[in-house]
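Source file: query03.cif (mmCIF, C-alpha atoms and all ligand atoms)
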```cif
data_input
loop_
_atom_site.label_atom_id
_atom_site.label_comp_id
_atom_site.auth_asym_id
_atom_site.auth_seq_id
_atom_site.Cartn_x
_atom_site.Cartn_y
_atom_site.Cartn_z
CA MET A 1 0.00 0.00 0.00
CA ARG A 2 1.44 3.37 -1.07
CA LEU A 3 1.40 5.71 1.93
CA ASN A 4 1.96 9.44 2.48
CA ASP A 5 0.19 10.36 -0.73
CA VAL A 6 -3.20 11.16 -2.23
CA ILE A 7 -4.66 8.74 -4.75
CA GLU A 8 -6.92 10.07 -7.48
CA GLY A 9 -10.03 7.97 -7.92
CA ASP A 10 -13.32 6.74 -6.49
CA CYS A 11 -12.82 5.88 -2.83
CA ILE A 12 -14.89 2.68 -3.06
CA ASP A 13 -12.61 1.32 -5.80
CA VAL A 14 -9.42 2.42 -4.08
CA LEU A 15 -10.51 1.10 -0.67
CA ALA A 16 -11.33 -2.27 -2.23
CA ARG A 17 -7.70 -2.59 -3.37
CA MET A 18 -6.28 -1.80 0.08
CA PRO A 19 -5.38 -4.56 2.54
CA ALA A 20 -7.99 -5.29 5.20
CA GLU A 21 -7.34 -3.94 8.73
CA SER A 22 -4.46 -1.68 7.67
CA VAL A 23 -5.28 1.80 9.02
CA ASP A 24 -5.56 3.17 12.56
CA LEU A 25 -7.92 6.06 11.89
CA VAL A 26 -10.49 6.86 9.22
CA PHE A 27 -11.55 10.49 9.10
CA ALA A 28 -14.27 11.02 6.48
CA ASP A 29 -15.95 14.28 5.49
CA PRO A 30 -18.09 13.05 2.60
CA PRO A 31 -20.19 15.27 0.33
CA PHE A 32 -23.32 16.29 2.31
CA ASN A 33 -25.67 16.03 -0.73
CA ILE A 34 -26.83 19.61 -0.33
CA GLY A 35 -25.73 21.04 -3.67
CA TYR A 36 -22.17 22.19 -3.04
CA GLN A 37 -20.35 23.17 -6.21
CA TYR A 38 -17.53 20.66 -6.59
CA ASP A 39 -15.56 20.54 -9.82
CA VAL A 40 -16.38 16.89 -10.68
CA TYR A 41 -18.74 15.42 -8.09
CA ASP A 42 -22.50 16.13 -8.37
CA ASP A 43 -23.67 16.99 -4.84
CA ARG A 44 -27.40 16.75 -5.64
CA ARG A 45 -28.09 13.05 -6.04
CA ALA A 46 -31.42 11.31 -5.56
CA LYS A 47 -31.73 10.44 -1.86
CA ALA A 48 -31.89 6.67 -2.40
CA ASP A 49 -28.86 6.76 -4.69
CA TYR A 50 -26.85 8.88 -2.20
CA LEU A 51 -27.72 6.60 0.72
CA ASP A 52 -26.99 3.44 -1.23
CA TRP A 53 -23.56 4.88 -2.05
CA THR A 54 -23.10 5.98 1.61
CA ALA A 55 -23.64 2.42 2.85
CA LYS A 56 -21.07 1.12 0.34
CA TRP A 57 -18.27 3.55 1.13
CA ILE A 58 -18.81 3.16 4.91
CA ALA A 59 -18.53 -0.63 4.55
CA ALA A 60 -15.42 -0.25 2.38
CA ALA A 61 -13.77 2.11 4.88
CA THR A 62 -14.65 -0.13 7.84
CA ARG A 63 -12.99 -3.11 6.13
CA VAL A 64 -9.60 -1.37 6.09
CA LEU A 65 -9.81 -0.29 9.74
CA LYS A 66 -7.59 -2.18 12.21
CA PRO A 67 -9.40 -3.98 15.06
CA SER A 68 -8.16 -1.21 17.38
CA GLY A 69 -9.08 1.52 14.88
CA SER A 70 -11.28 4.61 15.14
CA PHE A 71 -13.71 6.07 12.61
CA PHE A 72 -14.69 9.77 12.71
CA LEU A 73 -17.35 10.92 10.24
CA ALA A 74 -18.26 14.59 9.72
CA ILE A 75 -21.73 15.26 8.31
CA GLY A 76 -24.48 17.91 8.24
CA ASP A 77 -27.99 17.93 9.71
CA GLU A 78 -29.67 16.66 6.53
CA PHE A 79 -28.22 13.14 6.60
CA VAL A 80 -26.61 12.67 10.01
CA ALA A 81 -29.29 10.20 11.17
CA GLU A 82 -28.89 8.06 8.06
CA HIS A 83 -25.11 8.00 8.47
CA LYS A 84 -25.43 6.90 12.10
CA VAL A 85 -27.71 4.03 11.10
CA ARG A 86 -25.22 2.87 8.47
CA LEU A 87 -22.28 3.05 10.86
CA ASP A 88 -24.26 1.01 13.38
CA GLU A 89 -24.95 -1.58 10.67
CA GLN A 90 -21.19 -2.18 10.41
CA SER A 91 -21.11 -3.34 14.04
CA LEU A 92 -19.02 -0.35 14.97
CA THR A 93 -19.54 1.13 18.45
CA MET A 94 -20.35 4.81 18.90
CA ARG A 95 -18.25 6.60 21.52
CA ASN A 96 -19.33 10.21 20.99
CA TRP A 97 -21.69 12.28 18.88
CA ILE A 98 -19.58 15.44 18.72
CA VAL A 99 -21.02 18.80 17.79
CA TRP A 100 -18.57 21.12 16.09
CA HIS A 101 -19.76 24.67 16.54
CA TYR A 102 -18.32 27.11 14.02
CA THR A 103 -18.58 30.76 13.12
CA PHE A 104 -18.69 32.30 9.62
CA GLY A 105 -21.44 29.98 8.36
CA VAL A 106 -23.85 31.00 5.59
CA ASN A 107 -26.20 33.85 6.57
CA CYS A 108 -29.87 32.95 6.13
CA ALA A 109 -32.73 35.38 5.48
CA LYS A 110 -35.68 33.33 6.75
CA LYS A 111 -34.35 30.88 9.33
CA PHE A 112 -31.66 30.70 11.97
CA ASN A 113 -28.11 30.60 10.64
CA ARG A 114 -26.52 27.19 10.86
CA SER A 115 -23.39 27.17 13.02
CA HIS A 116 -22.62 23.50 13.59
CA ALA A 117 -21.76 20.18 11.98
CA HIS A 118 -21.81 16.69 13.48
CA ILE A 119 -18.80 14.46 13.99
CA LEU A 120 -19.72 10.84 14.76
CA TYR A 121 -16.95 9.02 16.62
CA TYR A 122 -16.93 5.21 16.41
CA VAL A 123 -14.49 2.40 17.18
CA ARG A 124 -14.37 -1.16 15.94
CA ASP A 125 -13.80 -2.73 19.33
CA PRO A 126 -15.31 -0.99 22.38
CA LYS A 127 -12.81 -2.74 24.66
CA HIS A 128 -9.63 -2.17 22.63
CA TYR A 129 -9.15 1.18 20.96
CA LYS A 130 -6.64 3.99 21.08
CA PHE A 131 -7.56 7.11 23.02
CA ASN A 132 -4.81 9.47 24.19
CA PRO A 133 -6.44 11.70 26.82
CA ASP A 134 -3.28 13.60 27.73
CA SER A 135 -2.81 14.82 24.17
CA VAL A 136 -6.08 16.79 24.10
CA ARG A 137 -6.71 18.02 27.65
CA VAL A 138 -8.16 21.50 28.15
CA PRO A 139 -8.29 23.72 31.25
CA SER A 140 -11.36 22.95 33.35
CA ALA A 141 -13.82 25.56 34.64
CA ARG A 142 -12.54 24.72 38.14
CA MET A 143 -9.17 26.06 36.98
CA THR A 144 -10.10 28.98 34.75
CA THR A 145 -13.17 30.33 36.53
CA TYR A 146 -13.24 29.10 40.12
CA ALA A 147 -9.53 28.77 41.00
CA ASP A 148 -10.57 25.56 42.76
CA ARG A 149 -7.64 23.70 44.33
CA ARG A 150 -9.41 20.40 43.70
CA ALA A 151 -8.96 20.91 39.95
CA ASN A 152 -6.87 18.33 38.18
CA PRO A 153 -3.71 20.35 37.38
CA VAL A 154 -3.32 18.75 33.96
CA GLY A 155 -6.80 19.84 32.88
CA LYS A 156 -9.68 17.65 31.73
CA LEU A 157 -10.92 15.98 28.59
CA PRO A 158 -12.96 18.09 26.19
CA ASP A 159 -16.74 17.65 26.28
CA ASP A 160 -18.44 16.23 23.20
CA THR A 161 -19.43 19.75 22.21
CA TRP A 162 -16.13 20.99 20.97
CA VAL A 163 -14.96 24.53 21.65
CA LEU A 164 -11.55 25.13 20.23
CA ARG A 165 -11.52 28.92 20.66
CA PRO A 166 -13.19 29.38 24.05
CA GLN A 167 -11.85 32.91 24.39
CA GLU A 168 -14.57 34.00 21.98
CA SER A 169 -17.47 32.59 23.96
CA ASP A 170 -16.59 31.98 27.59
CA GLU A 171 -20.17 31.96 28.80
CA HIS A 172 -21.81 29.59 26.40
CA PHE A 173 -19.20 27.10 25.33
CA ARG A 174 -17.00 25.72 28.05
CA PRO A 175 -13.65 24.44 26.78
CA ASP A 176 -14.25 21.01 28.27
CA SER A 177 -17.47 20.54 26.32
CA ASP A 178 -18.46 18.20 23.50
CA THR A 179 -19.48 21.22 21.42
CA TRP A 180 -16.40 22.31 19.56
CA PHE A 181 -16.02 25.95 18.66
CA VAL A 182 -13.80 26.55 15.64
CA SER A 183 -14.43 29.03 12.86
CA ARG A 184 -14.89 27.76 9.35
CA VAL A 185 -11.90 28.54 7.15
CA CYS A 186 -12.62 32.03 5.75
CA GLY A 187 -11.17 33.52 2.59
CA THR A 188 -8.76 35.70 4.58
CA PHE A 189 -7.33 32.88 6.72
CA LYS A 190 -3.73 31.84 6.10
CA GLU A 191 -4.66 28.18 5.90
CA ARG A 192 -7.25 28.86 3.15
CA VAL A 193 -6.73 26.94 -0.09
CA SER A 194 -8.95 26.63 -3.15
CA HIS A 195 -11.70 24.16 -2.17
CA PRO A 196 -15.38 24.78 -1.34
CA CYS A 197 -15.52 22.83 1.95
CA GLN A 198 -12.14 23.02 3.58
CA MET A 199 -12.09 21.79 7.21
CA PRO A 200 -10.06 23.74 9.79
CA GLU A 201 -6.80 22.13 10.83
CA ALA A 202 -7.70 22.59 14.52
CA VAL A 203 -10.57 20.07 14.27
CA LEU A 204 -8.37 17.44 12.65
CA GLU A 205 -5.56 18.11 15.09
CA ARG A 206 -7.70 17.06 18.05
CA ILE A 207 -9.00 13.95 16.30
CA ILE A 208 -5.61 12.74 15.09
CA ARG A 209 -3.88 13.41 18.39
CA VAL A 210 -6.46 11.57 20.46
CA ALA A 211 -6.95 8.52 18.24
CA THR A 212 -3.44 7.84 16.94
CA ASP A 213 0.21 7.80 17.93
CA GLU A 214 3.18 8.94 15.88
CA GLY A 215 3.76 6.54 13.00
CA ASP A 216 0.13 5.33 12.88
CA VAL A 217 -1.78 5.34 9.58
CA VAL A 218 -4.53 7.92 8.99
CA LEU A 219 -6.90 7.48 6.04
CA ASP A 220 -9.18 10.13 4.49
CA PRO A 221 -11.37 8.69 1.71
CA PHE A 222 -12.62 12.22 0.73
CA ALA A 223 -9.39 14.20 0.86
CA GLY A 224 -10.78 17.46 -0.63
CA SER A 225 -8.21 20.16 0.07
CA GLY A 226 -6.06 17.73 2.07
CA THR A 227 -6.62 19.04 5.61
CA THR A 228 -6.48 15.58 7.21
CA LEU A 229 -3.29 14.66 5.38
CA ALA A 230 -1.63 18.01 6.12
CA VAL A 231 -2.29 17.68 9.86
CA ALA A 232 -1.29 13.99 9.90
CA LYS A 233 1.98 14.92 8.24
CA LYS A 234 2.66 17.76 10.71
CA LEU A 235 1.97 15.38 13.62
CA GLY A 236 4.31 12.65 12.35
CA ARG A 237 1.61 10.19 11.32
CA LYS A 238 1.55 8.21 8.07
CA TYR A 239 -1.37 9.13 5.84
CA LEU A 240 -3.31 8.23 2.75
CA GLY A 241 -5.94 10.30 0.97
CA ILE A 242 -8.36 9.43 -1.82
CA GLU A 243 -9.89 12.16 -3.97
CA LEU A 244 -12.11 11.91 -7.05
CA SER A 245 -11.04 15.22 -8.55
CA GLU A 246 -7.71 15.51 -10.34
CA GLN A 247 -7.64 19.25 -9.67
CA TYR A 248 -8.22 18.86 -5.92
CA ALA A 249 -5.70 15.99 -5.72
CA ASP A 250 -3.09 18.25 -7.37
CA GLY A 251 -3.91 20.90 -4.78
CA VAL A 252 -3.40 18.37 -1.97
CA ARG A 253 0.03 17.41 -3.33
CA LYS A 254 1.04 21.07 -3.44
CA ARG A 255 -0.24 21.60 0.13
CA LEU A 256 1.82 18.62 1.36
CA GLN A 257 4.89 19.86 -0.50
CA MET A 258 4.60 23.26 1.18
CA ILE A 259 4.87 21.50 4.54
CA GLU A 260 7.83 19.47 3.27
CA PHE A 261 9.61 22.66 2.18
CA GLY A 262 8.73 24.49 5.40
CA ALA A 263 6.67 26.98 3.35
CA ASP A 264 3.32 26.21 4.97
CA GLU A 265 1.79 29.55 6.02
CA THR A 266 -0.81 28.22 8.45
CA GLU A 267 -0.49 28.57 12.18
CA PRO A 268 1.71 25.77 13.47
CA VAL A 269 -0.16 22.79 14.89
CA ALA A 270 0.08 23.35 18.64
CA PRO A 271 2.65 21.34 20.55
CA VAL A 272 1.32 18.92 23.15
CA LYS A 273 0.76 20.76 26.44
CA LYS A 274 2.04 18.76 29.39
CA ARG A 275 0.56 20.94 32.13
CA VAL A 276 -2.08 23.63 32.13
CA PRO A 277 -1.29 26.42 34.60
CA VAL A 278 -3.86 27.03 37.33
CA ARG A 279 -5.04 30.63 37.79
CA LYS A 280 -4.13 31.98 41.24
C1 LIG B 1 -16.64 17.70 1.90
S1 LIG B 1 -15.32 17.56 0.76
C2 LIG B 1 -13.95 17.11 1.78
C3 LIG B 1 -13.25 18.33 2.35
C4 LIG B 1 -12.03 17.99 3.18
N1 LIG B 1 -12.39 17.41 4.46
C5 LIG B 1 -11.17 19.21 3.41
O1 LIG B 1 -10.88 19.58 4.57
O2 LIG B 1 -10.79 19.83 2.43
C6 LIG B 1 -15.68 16.06 -0.08
C7 LIG B 1 -14.69 15.69 -1.17
O3 LIG B 1 -15.00 14.36 -1.61
C8 LIG B 1 -14.67 14.26 -2.99
N2 LIG B 1 -15.38 13.08 -3.50
C9 LIG B 1 -16.67 12.95 -3.88
N3 LIG B 1 -16.94 11.69 -4.24
C10 LIG B 1 -15.82 10.97 -4.07
C11 LIG B 1 -15.47 9.62 -4.25
N4 LIG B 1 -16.37 8.72 -4.71
N5 LIG B 1 -14.22 9.22 -3.96
C12 LIG B 1 -13.30 10.11 -3.52
N6 LIG B 1 -13.56 11.42 -3.32
C13 LIG B 1 -14.81 11.86 -3.59
C14 LIG B 1 -15.11 15.61 -3.57
O4 LIG B 1 -14.47 15.88 -4.78
C15 LIG B 1 -14.72 16.57 -2.43
O5 LIG B 1 -13.45 17.11 -2.65
#
```
Could you express the structure from this file as structure tokens?
Amino acid sequence: MRLNDVIEGDCIDVLARMPAESVDLVFADPPFNIGYQYDVYDDRRAKADYLDWTAKWIAAATRVLKPSGSFFLAIGDEFVAEHKVRLDEQSLTMRNWIVWHYTFGVNCAKKFNRSHAHILYYVRDPKHYKFNPDSVRVPSARMTTYADRRANPVGKLPDDTWVLRPQESDEHFRPDSDTWFVSRVCGTFKERVSHPCQMPEAVLERIIRVATDEGDVVLDPFAGSGTTLAVAKKLGRKYLGIELSEQYADGVRKRLQMIEFGADETEPVAPVKKRVPVRK
């Protein structure tokens, strides 16, 4: 299996050629079937056709997952329930239904603006999986707000509402929550590349750190702009992406090269924090 690359092609075909039980983490951000303008893929398929395809790629991705592997799937409101049902059908076990809260979503005229996506977190074996709590701890409210001496000095695990920039919303989104707060990648951001649904690196950083160790294999069957691969590379993981579009795959290769040449302009992926200081 060729690693540390992006393969152009249909993920179901490519996954079928990969050895079974060969990757530690699958992160998948498939098309949401809501009419996004991709260059090749048609994001307005008949519902039955989309769901039939969803079941097939989920089964194909599960086959390549190691027995100790984790599967994170990002999806919107429209089809989150259907994706959960299909993950359950693979005999995977759900560990968290994470809500990623973001800013800079699309402004609506006649309904509330959407500011979240879902990240379903599953493992193959509920007794044997990789979860690195110390790599993703955040300061607890006991530390930041109450200066409580009983606080664990190394912080606590994030809640399943993820808040990655708590400084912007102290009151509503605690940093230890399962609602994650990360802005979408705006046009002015340094990490912005040319792709309609680029994920922020901060979301992938937390997932890759918690579910893998250095040298583990991370697979993204819908590579898009290459966020998963870029973060995996920065964190010393092996990686493999699959992308239908030749143009996007070229973009991913360029993005990975920029990291190789030290020319990546994004904020550096944060080093692991060993201790979180307690406020006096
Ligand atoms: C939501 S985007 C992924 C965005 C990515 N997470 C990022 O951060 O840039 C989905 C991607 O899946 C690709 N795609 C659609 N169908 C595919 C297929 N059958 N196999 C591989 N890639 C596919 C699309 O071209 C698109 O780039």
Closest to A:Val182 among A:Tyr129, A:Trp97, A:Phe104, A:Trp57, using only C-alpha atoms?
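Comparing A:Tyr129, A:Trp97, A:Phe104, A:Trp57 against A:Val182, the winner is A:Phe104.
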Using all atoms listed in the file, determine which residues lie at most 12 Å from A:Leu92, disregarding the query and same-chain residues fewer than 3 positions distant; provide the list as a list of chain:residue names.
A:Ile58, A:Ala59, A:Ala61, A:Thr62, A:Arg63, A:Leu65, A:Lys66, A:Pro67, A:Ser68, A:Gly69, A:Ser70, A:Phe71, A:Phe72, A:Lys84, A:Val85, A:Arg86, A:Leu87, A:Asp88, A:Glu89, A:Arg95, A:Leu120, A:Tyr121, A:Tyr122, A:Val123, A:Arg124, A:Asp125, A:Pro126, A:Lys127, A:Tyr129
Mind giving me the straight-line distance from atom CA of A:Arg142 to atom CA of A:Lys156 in Å, one decimal?
10.0 Å
Would you pick out the contacts of stretch 11-18 of chain A at 7 Å or less, using all atoms listed in the file, so that residues sharing its chain but fewer than 4 positions from it are not included, and give the list as a short mmCIF file (atom, residue, chain, number, x, y, z; two decimals) with C-alpha atoms, in the frame of the given file?
```cif
data_model
loop_
_atom_site.label_atom_id
_atom_site.label_comp_id
_atom_site.auth_asym_id
_atom_site.auth_seq_id
_atom_site.Cartn_x
_atom_site.Cartn_y
_atom_site.Cartn_z
CA MET A 1 0.00 0.00 0.00
CA TRP A 57 -18.27 3.55 1.13
CA ALA A 60 -15.42 -0.25 2.38
CA ALA A 61 -13.77 2.11 4.88
CA VAL A 64 -9.60 -1.37 6.09
CA PRO A 221 -11.37 8.69 1.71
CA ILE A 242 -8.36 9.43 -1.82
#
```
In Å, how far is it from atom CA of A:Pro31 to atom N3 of ligand LIG 1 (chain B)?
6.7 Å
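Using all atoms listed in the file for every distance, the candidate list A:Ser22, A:Thr144, A:Thr54, A:Thr103 yields A:Thr54 as the residue closest to ligand LIG 1 (chain B).
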When the cut-off is 7 Å and you count only C-alpha atoms and all ligand atoms, which residues lie near ligand LIG 1 (chain B), shown as a ChimeraX atom specification?
/A:9-12,28-32,38-41,195,197-200,221-228,242-245,248
Find the residues around stretch 204-216 of chain A up to 9 Å (only C-alpha atoms counted), leave out those fewer than 4 positions away in its own chain, and share them as a ChimeraX atom specification.
/A:23-25,27,69-70,72,129-136,199-200,227-228,231-232,235-239,269-270,272
Residue subset to file, keeping C-alpha atoms, as a CSV table (one decimal), in the frame of the given file:
```
chain,number,residue,atom,x,y,z
A,23,VAL,CA,-5.3,1.8,9.0
A,24,ASP,CA,-5.6,3.2,12.6
A,25,LEU,CA,-7.9,6.1,11.9
A,27,PHE,CA,-11.6,10.5,9.1
A,69,GLY,CA,-9.1,1.5,14.9
A,70,SER,CA,-11.3,4.6,15.1
A,72,PHE,CA,-14.7,9.8,12.7
A,129,TYR,CA,-9.2,1.2,21.0
A,130,LYS,CA,-6.6,4.0,21.1
A,131,PHE,CA,-7.6,7.1,23.0
A,132,ASN,CA,-4.8,9.5,24.2
A,133,PRO,CA,-6.4,11.7,26.8
A,134,ASP,CA,-3.3,13.6,27.7
A,135,SER,CA,-2.8,14.8,24.2
A,136,VAL,CA,-6.1,16.8,24.1
A,199,MET,CA,-12.1,21.8,7.2
A,200,PRO,CA,-10.1,23.7,9.8
A,227,THR,CA,-6.6,19.0,5.6
A,228,THR,CA,-6.5,15.6,7.2
A,231,VAL,CA,-2.3,17.7,9.9
A,232,ALA,CA,-1.3,14.0,9.9
A,235,LEU,CA,2.0,15.4,13.6
A,236,GLY,CA,4.3,12.6,12.4
A,237,ARG,CA,1.6,10.2,11.3
A,238,LYS,CA,1.6,8.2,8.1
A,239,TYR,CA,-1.4,9.1,5.8
A,269,VAL,CA,-0.2,22.8,14.9
A,270,ALA,CA,0.1,23.4,18.6
A,272,VAL,CA,1.3,18.9,23.2
```
As an exercise, work out the distance from atom CA of A:His101 to atom CA of A:Gly35 in Å and give it to one decimal place.
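If I compute the distance from atom CA of A:His101 to atom CA of A:Gly35, I get 21.4 Å.
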Using all atoms listed in the file, can you list as a list in words the residues within 7 Å of (-18.6, 14.6, 19.4)?
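Nearby residues: Asn96, Trp97, Ile98, Val99, Ile119, Leu120, Tyr121, Asp160, Thr161, Asp178 and Thr179 of chain A.
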I'd like the box whose edges run along x, y and z of the file and which contains every listed atom of stretch 99-109 of chain A, padded by 6 Å per side; could you state its centre and edge lengths in Å, one decimal, as lines of an AutoDock Vina configuration file?
```
center_x = -25.5
center_y = 27.1
center_z = 11.6
size_x = 26.4
size_y = 28.6
size_z = 24.3
```
Closest to A:Arg255 among A:Val26, A:Ile7, A:Ala202, A:Val193, using all atoms listed in the file?
A:Val193
